[in-house]
Amino acid sequence: MNSMSVSRSGDELRFHTASPGEAFYFTSGDHRLFGWLHQPSDDIARNFGLVICKPFGYEADCSHQSMRVFADTAAGIGVPTLRFDYLGTGDSADIDPQANQLEVWSKDVVAAIGELQRLTGVECVCLLGVRLGAVLAIAAATECRSVTSVALISPIIRGSRYLRELRTTRLAASLNAGASGASETKGNVADQSVRDGSMEVCGYRLSAATIAALTQVDLTKQVAPTPEMLIIDGDRMPVAREWAETLSATNARIRYMALPGLIRMIMAMPHDALPSAEMLVAFRDWLLSTSRSQTEAKSPHRRSSTLRLSHILELPGVESTLEPCILERPIFLSSDAKVFGIITKPREHEVCSRAVIIVNAGATYHAGPNRIHVSLARRWARSGYLVIRMDLSGLGDSATRPGRPDNEVFPPAALDDIRSAIEFVSTGYGIDKVTLCGFCSGAYHALRAAAAHLPVSCLLLVNPEHFFWKEGTHIDALVPVEVVKRTRDHRERILSPAAWKRLLTGQINIWRLARIYFHRPLLAVESEIRDLARRLRVRLPRDLGWELEDIAARGTRLVFVFARGEAGLDLLRIQGGLSLRRLKDRCHLHIIDGADHIFSQAASSTALESLLTRELFTVNCAAGGETAPRPGVDPGGIAATASKSSR
């Protein structure tokens, strides 16, 4: 059941859901997919339903919340809705790296249509396709007679042009990585592409077969797949107007609209990504009208009350065997806030003695950036760990707490959510050895949980940018990490003619720049004062060094991992100060070369996974009395290694 209210303040859309729907797995061919069923709140049988076909890659990450908003909107007007993850994406099973993803995903859409009909009894189905999802929706609509209408948002008209866009994005990412010190990323990506003909974009891979299939995509040569179509373009980058005009010349009823909000929905950072009110209202009104006109002459079919949803996903073990080795299932960790997660564990007959809880990275949902949380969870579960990938309240597929905003990266109730996950592991499985793992803001929350004396045996902290956060601070406000980062960036650019031109033409906020340079020496002075207080054993408020010493003294292993060039590393040394030398081998610092902030390229993410796995297993070795390899010691006194992202 769903309950949603939508309000608009200026151009900002806010939504609040009591539940994200019902999570389950269903079959598509020989594999299993993960989905959410959003049912209307009443018990009236319907003949019209909706299946949502999400975009690809980073666009899917950014628009995850938006897809949920569209699903809730449809359910709110009486249209049962299914949103799901294609094979090899999100929480679904993994895909063969050589497979034609376009072909496989089109079949997944057909399977989702059949599953929605099985669960709800609807006869007529509408498909909502976004970007690449629009191509998949049209392919499925051509095959399925039950698809009576299609809504498309910024559809990919020509696959060749889409591939050029992806290559441009890929090149920009590699150049940016090179500028930030990750000089090897570009070469690694190029080598991978040359070897097998695939393409990796922001951590998401398209196989050679998929690229070949995309070059053949040209919607201008295709007739309308259904008699009813809605096409929504972005007002700043319309791509489908000409195609819509061509379709309108046929007997199809085409409604074309160019509306604001596309860029924010699919390209903005996840914490800021939502559909515009104009786009959502246009879709809702069209869907309501279409559902009424297409089901007037049909008598509704009530779904069978004996139908059961599948809540278990079986996954194989190592590549040498196809036997199921691990299980995944959706869980709610908190009855009051509806904190959602996915649990991955060995099969039922295996007893787990250790658990890992992975917290959201920023506002990215529980699959993690580039799906790295999924990869880590399945890898660790195959080695005997119980792993939970969780969404903090207000993020991903968790509900928003009353009175709090959506997509809140630093929610004040994060500690309560993490405590619920730890209690779930303790009471449900009797596990008292818990590791917290987090990227960026997830690392912050994991550290705060340990500082609050939650029972944690190990912290795996990847690229934290903040160690203290004051409630009410805007995410873009001037904070210590920005002072460190911007001071270094501007120092590198001070001799650049382009930088001076931007400064003299008013393109740079000189007052903000002055504040940054004013605060930088203050950080250094504060660090010296705190070190003096530490020598005198005087504990000052918000002292990171004392907190780290306190955490380590309680037996918690501290592991920090940074991509080379990350400002969070400098901030750790500034705010940790003298305490870092005192910690010695109780705190390990690793620096990975050739990586960006979210380890978006395969080479760097592979290096990160191996490093985190080695550190995680070292905890087991230490607990079992075995001797684990000790990394070297850096001049700052923290145990450290430097890893290069290479294959």
# chains A, B, ... in the order shown; residues from 1 in each chain; ligands from 1
>>> select_by_dssp(residues="segment 389-444 of chain A", states="alpha helix (DSSP H)", output="number ranges by chain")
A: 414-429, 441-444
>>> select_by_dssp(residues="segment 102-142 of chain A", states="strand (DSSP E)", output="MDAnalysis selection string")
chainID A and resid 124:130
>>> atom_distance(atom1="atom CA of Val239 of chain A", atom2="atom CA of Arg205 of chain A")
24.2 Å
>>> closest_residue(among="A:Leu580, A:Val339, A:Leu460, A:Leu127", to="Asp397 of chain A", atoms="only C-alpha atoms")
A:Val339
>>> closest_residue(among="A:Leu327, A:Leu454, A:Leu571, A:Leu386", to="Leu415 of chain A", atoms="only C-alpha atoms")
A:Leu454
>>> residues_around(residues="segment 528-543 of chain A", least_positions_apart="4", cutoff="12 Å", atoms="only C-alpha atoms", output="count of residues only")
25
>>> residues_around(residues="Gly472 of chain A", least_positions_apart="2", cutoff="10 Å", atoms="only C-alpha atoms", output="list in words")
Phe410, Pro411, Pro412, Trp469, Lys470, His474 and Ile475 of chain A
>>> residues_around(residues="Leu447 of chain A", least_positions_apart="3", cutoff="12 Å", atoms="only C-alpha atoms", output="ChimeraX atom specification")
/A:359,414-415,418,435-444,450-462,464-469,544,547-548,550-552,556-560
>>> closest_residue(among="A:His597, A:Arg131, A:Arg378, A:Lys584", to="Val561 of chain A", atoms="only C-alpha atoms")
A:His597
>>> closest_residue(among="A:Val79, A:Leu152, A:Arg236, A:Ala602", to="Asp42 of chain A", atoms="only C-alpha atoms")
A:Val79
>>> atom_distance(atom1="atom CA of Val109 of chain A", atom2="atom CA of Phe84 of chain A")
8.8 Å
>>> decode(residues="segment 58-162 of chain A", atoms="C-alpha atoms", output="PDB file, in the first residue's frame")
ATOM      1  CA  TYR A  58      24.689   6.906 -13.853  1.00  0.00           C
ATOM      2  CA  GLU A  59      21.361   8.269 -15.125  1.00  0.00           C
ATOM      3  CA  ALA A  60      19.648   5.377 -13.335  1.00  0.00           C
ATOM      4  CA  ASP A  61      21.514   6.191 -10.109  1.00  0.00           C
ATOM      5  CA  CYS A  62      20.486   9.839 -10.271  1.00  0.00           C
ATOM      6  CA  SER A  63      16.858   9.124 -11.173  1.00  0.00           C
ATOM      7  CA  HIS A  64      16.221   6.300  -8.686  1.00  0.00           C
ATOM      8  CA  GLN A  65      14.102   8.492  -6.422  1.00  0.00           C
ATOM      9  CA  SER A  66      12.321   9.947  -9.454  1.00  0.00           C
ATOM     10  CA  MET A  67      11.292   6.481 -10.645  1.00  0.00           C
ATOM     11  CA  ARG A  68       9.854   5.875  -7.205  1.00  0.00           C
ATOM     12  CA  VAL A  69       7.955   9.178  -7.389  1.00  0.00           C
ATOM     13  CA  PHE A  70       6.448   8.244 -10.761  1.00  0.00           C
ATOM     14  CA  ALA A  71       5.435   4.833  -9.370  1.00  0.00           C
ATOM     15  CA  ASP A  72       3.814   6.381  -6.306  1.00  0.00           C
ATOM     16  CA  THR A  73       2.060   8.958  -8.481  1.00  0.00           C
ATOM     17  CA  ALA A  74       0.557   6.234 -10.666  1.00  0.00           C
ATOM     18  CA  ALA A  75      -0.536   4.164  -7.663  1.00  0.00           C
ATOM     19  CA  GLY A  76      -2.037   7.319  -6.151  1.00  0.00           C
ATOM     20  CA  ILE A  77      -4.484   7.623  -9.077  1.00  0.00           C
ATOM     21  CA  GLY A  78      -5.396   3.934  -8.982  1.00  0.00           C
ATOM     22  CA  VAL A  79      -2.851   2.443 -11.403  1.00  0.00           C
ATOM     23  CA  PRO A  80      -0.893  -0.552 -10.022  1.00  0.00           C
ATOM     24  CA  THR A  81       2.766  -0.115 -10.941  1.00  0.00           C
ATOM     25  CA  LEU A  82       5.880  -2.257 -11.203  1.00  0.00           C
ATOM     26  CA  ARG A  83       9.384  -0.787 -11.222  1.00  0.00           C
ATOM     27  CA  PHE A  84      12.314  -3.171 -11.482  1.00  0.00           C
ATOM     28  CA  ASP A  85      16.033  -3.667 -12.103  1.00  0.00           C
ATOM     29  CA  TYR A  86      17.216  -5.159 -15.381  1.00  0.00           C
ATOM     30  CA  LEU A  87      19.589  -8.110 -15.232  1.00  0.00           C
ATOM     31  CA  GLY A  88      23.022  -6.986 -14.070  1.00  0.00           C
ATOM     32  CA  THR A  89      21.681  -3.751 -12.547  1.00  0.00           C
ATOM     33  CA  GLY A  90      20.519  -2.785  -9.069  1.00  0.00           C
ATOM     34  CA  ASP A  91      19.479  -5.754  -6.925  1.00  0.00           C
ATOM     35  CA  SER A  92      18.863  -8.218  -9.756  1.00  0.00           C
ATOM     36  CA  ALA A  93      21.110 -11.177 -10.565  1.00  0.00           C
ATOM     37  CA  ASP A  94      24.359 -10.561 -12.423  1.00  0.00           C
ATOM     38  CA  ILE A  95      24.632 -10.637 -16.207  1.00  0.00           C
ATOM     39  CA  ASP A  96      27.086 -12.351 -18.551  1.00  0.00           C
ATOM     40  CA  PRO A  97      29.655  -9.623 -19.398  1.00  0.00           C
ATOM     41  CA  GLN A  98      29.484 -10.595 -23.088  1.00  0.00           C
ATOM     42  CA  ALA A  99      25.685 -10.552 -23.363  1.00  0.00           C
ATOM     43  CA  ASN A 100      23.753  -8.161 -25.580  1.00  0.00           C
ATOM     44  CA  GLN A 101      22.245  -6.068 -22.814  1.00  0.00           C
ATOM     45  CA  LEU A 102      19.750  -4.416 -25.146  1.00  0.00           C
ATOM     46  CA  GLU A 103      18.306  -7.786 -26.103  1.00  0.00           C
ATOM     47  CA  VAL A 104      18.340  -9.170 -22.552  1.00  0.00           C
ATOM     48  CA  TRP A 105      16.796  -6.054 -21.027  1.00  0.00           C
ATOM     49  CA  SER A 106      14.033  -5.915 -23.651  1.00  0.00           C
ATOM     50  CA  LYS A 107      13.095  -9.460 -22.612  1.00  0.00           C
ATOM     51  CA  ASP A 108      13.206  -8.324 -18.975  1.00  0.00           C
ATOM     52  CA  VAL A 109      10.611  -5.651 -19.757  1.00  0.00           C
ATOM     53  CA  VAL A 110       8.361  -8.296 -21.353  1.00  0.00           C
ATOM     54  CA  ALA A 111       8.784 -10.462 -18.238  1.00  0.00           C
ATOM     55  CA  ALA A 112       7.899  -7.494 -16.018  1.00  0.00           C
ATOM     56  CA  ILE A 113       4.714  -6.909 -18.038  1.00  0.00           C
ATOM     57  CA  GLY A 114       3.690 -10.537 -17.523  1.00  0.00           C
ATOM     58  CA  GLU A 115       4.510 -10.366 -13.814  1.00  0.00           C
ATOM     59  CA  LEU A 116       2.400  -7.239 -13.303  1.00  0.00           C
ATOM     60  CA  GLN A 117      -0.513  -8.941 -15.047  1.00  0.00           C
ATOM     61  CA  ARG A 118      -0.069 -12.086 -12.950  1.00  0.00           C
ATOM     62  CA  LEU A 119       0.009 -10.176  -9.685  1.00  0.00           C
ATOM     63  CA  THR A 120      -2.740  -7.641 -10.346  1.00  0.00           C
ATOM     64  CA  GLY A 121      -4.967  -9.144 -13.042  1.00  0.00           C
ATOM     65  CA  VAL A 122      -4.686  -6.094 -15.311  1.00  0.00           C
ATOM     66  CA  GLU A 123      -5.227  -6.591 -19.046  1.00  0.00           C
ATOM     67  CA  CYS A 124      -3.927  -3.282 -20.395  1.00  0.00           C
ATOM     68  CA  VAL A 125      -0.397  -2.145 -19.605  1.00  0.00           C
ATOM     69  CA  CYS A 126       1.315   1.211 -20.098  1.00  0.00           C
ATOM     70  CA  LEU A 127       5.099   1.448 -20.283  1.00  0.00           C
ATOM     71  CA  LEU A 128       7.019   4.453 -18.977  1.00  0.00           C
ATOM     72  CA  GLY A 129      10.479   4.523 -20.547  1.00  0.00           C
ATOM     73  CA  VAL A 130      13.188   7.019 -19.614  1.00  0.00           C
ATOM     74  CA  ARG A 131      16.173   7.615 -21.944  1.00  0.00           C
ATOM     75  CA  LEU A 132      17.537   4.155 -22.864  1.00  0.00           C
ATOM     76  CA  GLY A 133      14.526   2.708 -21.071  1.00  0.00           C
ATOM     77  CA  ALA A 134      12.408   4.286 -23.822  1.00  0.00           C
ATOM     78  CA  VAL A 135      14.156   2.106 -26.427  1.00  0.00           C
ATOM     79  CA  LEU A 136      13.459  -0.978 -24.310  1.00  0.00           C
ATOM     80  CA  ALA A 137       9.836   0.085 -23.802  1.00  0.00           C
ATOM     81  CA  ILE A 138       9.251   0.442 -27.539  1.00  0.00           C
ATOM     82  CA  ALA A 139      10.843  -2.945 -28.245  1.00  0.00           C
ATOM     83  CA  ALA A 140       8.617  -4.600 -25.634  1.00  0.00           C
ATOM     84  CA  ALA A 141       5.495  -2.759 -26.799  1.00  0.00           C
ATOM     85  CA  THR A 142       6.078  -4.016 -30.333  1.00  0.00           C
ATOM     86  CA  GLU A 143       6.127  -7.578 -29.021  1.00  0.00           C
ATOM     87  CA  CYS A 144       3.331  -7.468 -26.408  1.00  0.00           C
ATOM     88  CA  ARG A 145      -0.279  -6.883 -27.445  1.00  0.00           C
ATOM     89  CA  SER A 146      -1.209  -6.127 -23.870  1.00  0.00           C
ATOM     90  CA  VAL A 147       0.813  -2.877 -24.063  1.00  0.00           C
ATOM     91  CA  THR A 148      -1.793  -0.320 -25.103  1.00  0.00           C
ATOM     92  CA  SER A 149       0.069   2.916 -24.374  1.00  0.00           C
ATOM     93  CA  VAL A 150       3.606   4.192 -23.964  1.00  0.00           C
ATOM     94  CA  ALA A 151       5.020   7.256 -22.178  1.00  0.00           C
ATOM     95  CA  LEU A 152       8.568   8.254 -23.054  1.00  0.00           C
ATOM     96  CA  ILE A 153      10.832  10.769 -21.326  1.00  0.00           C
ATOM     97  CA  SER A 154      13.753  12.083 -23.401  1.00  0.00           C
ATOM     98  CA  PRO A 155      13.891   8.916 -25.530  1.00  0.00           C
ATOM     99  CA  ILE A 156      17.086   7.835 -27.260  1.00  0.00           C
ATOM    100  CA  ILE A 157      16.119   8.440 -30.901  1.00  0.00           C
ATOM    101  CA  ARG A 158      19.337   7.218 -32.539  1.00  0.00           C
ATOM    102  CA  GLY A 159      21.636   4.766 -30.806  1.00  0.00           C
ATOM    103  CA  SER A 160      24.690   6.065 -32.667  1.00  0.00           C
ATOM    104  CA  ARG A 161      24.176   9.542 -31.228  1.00  0.00           C
ATOM    105  CA  TYR A 162      23.662   8.098 -27.751  1.00  0.00           C
TER     106      TYR A 162
END
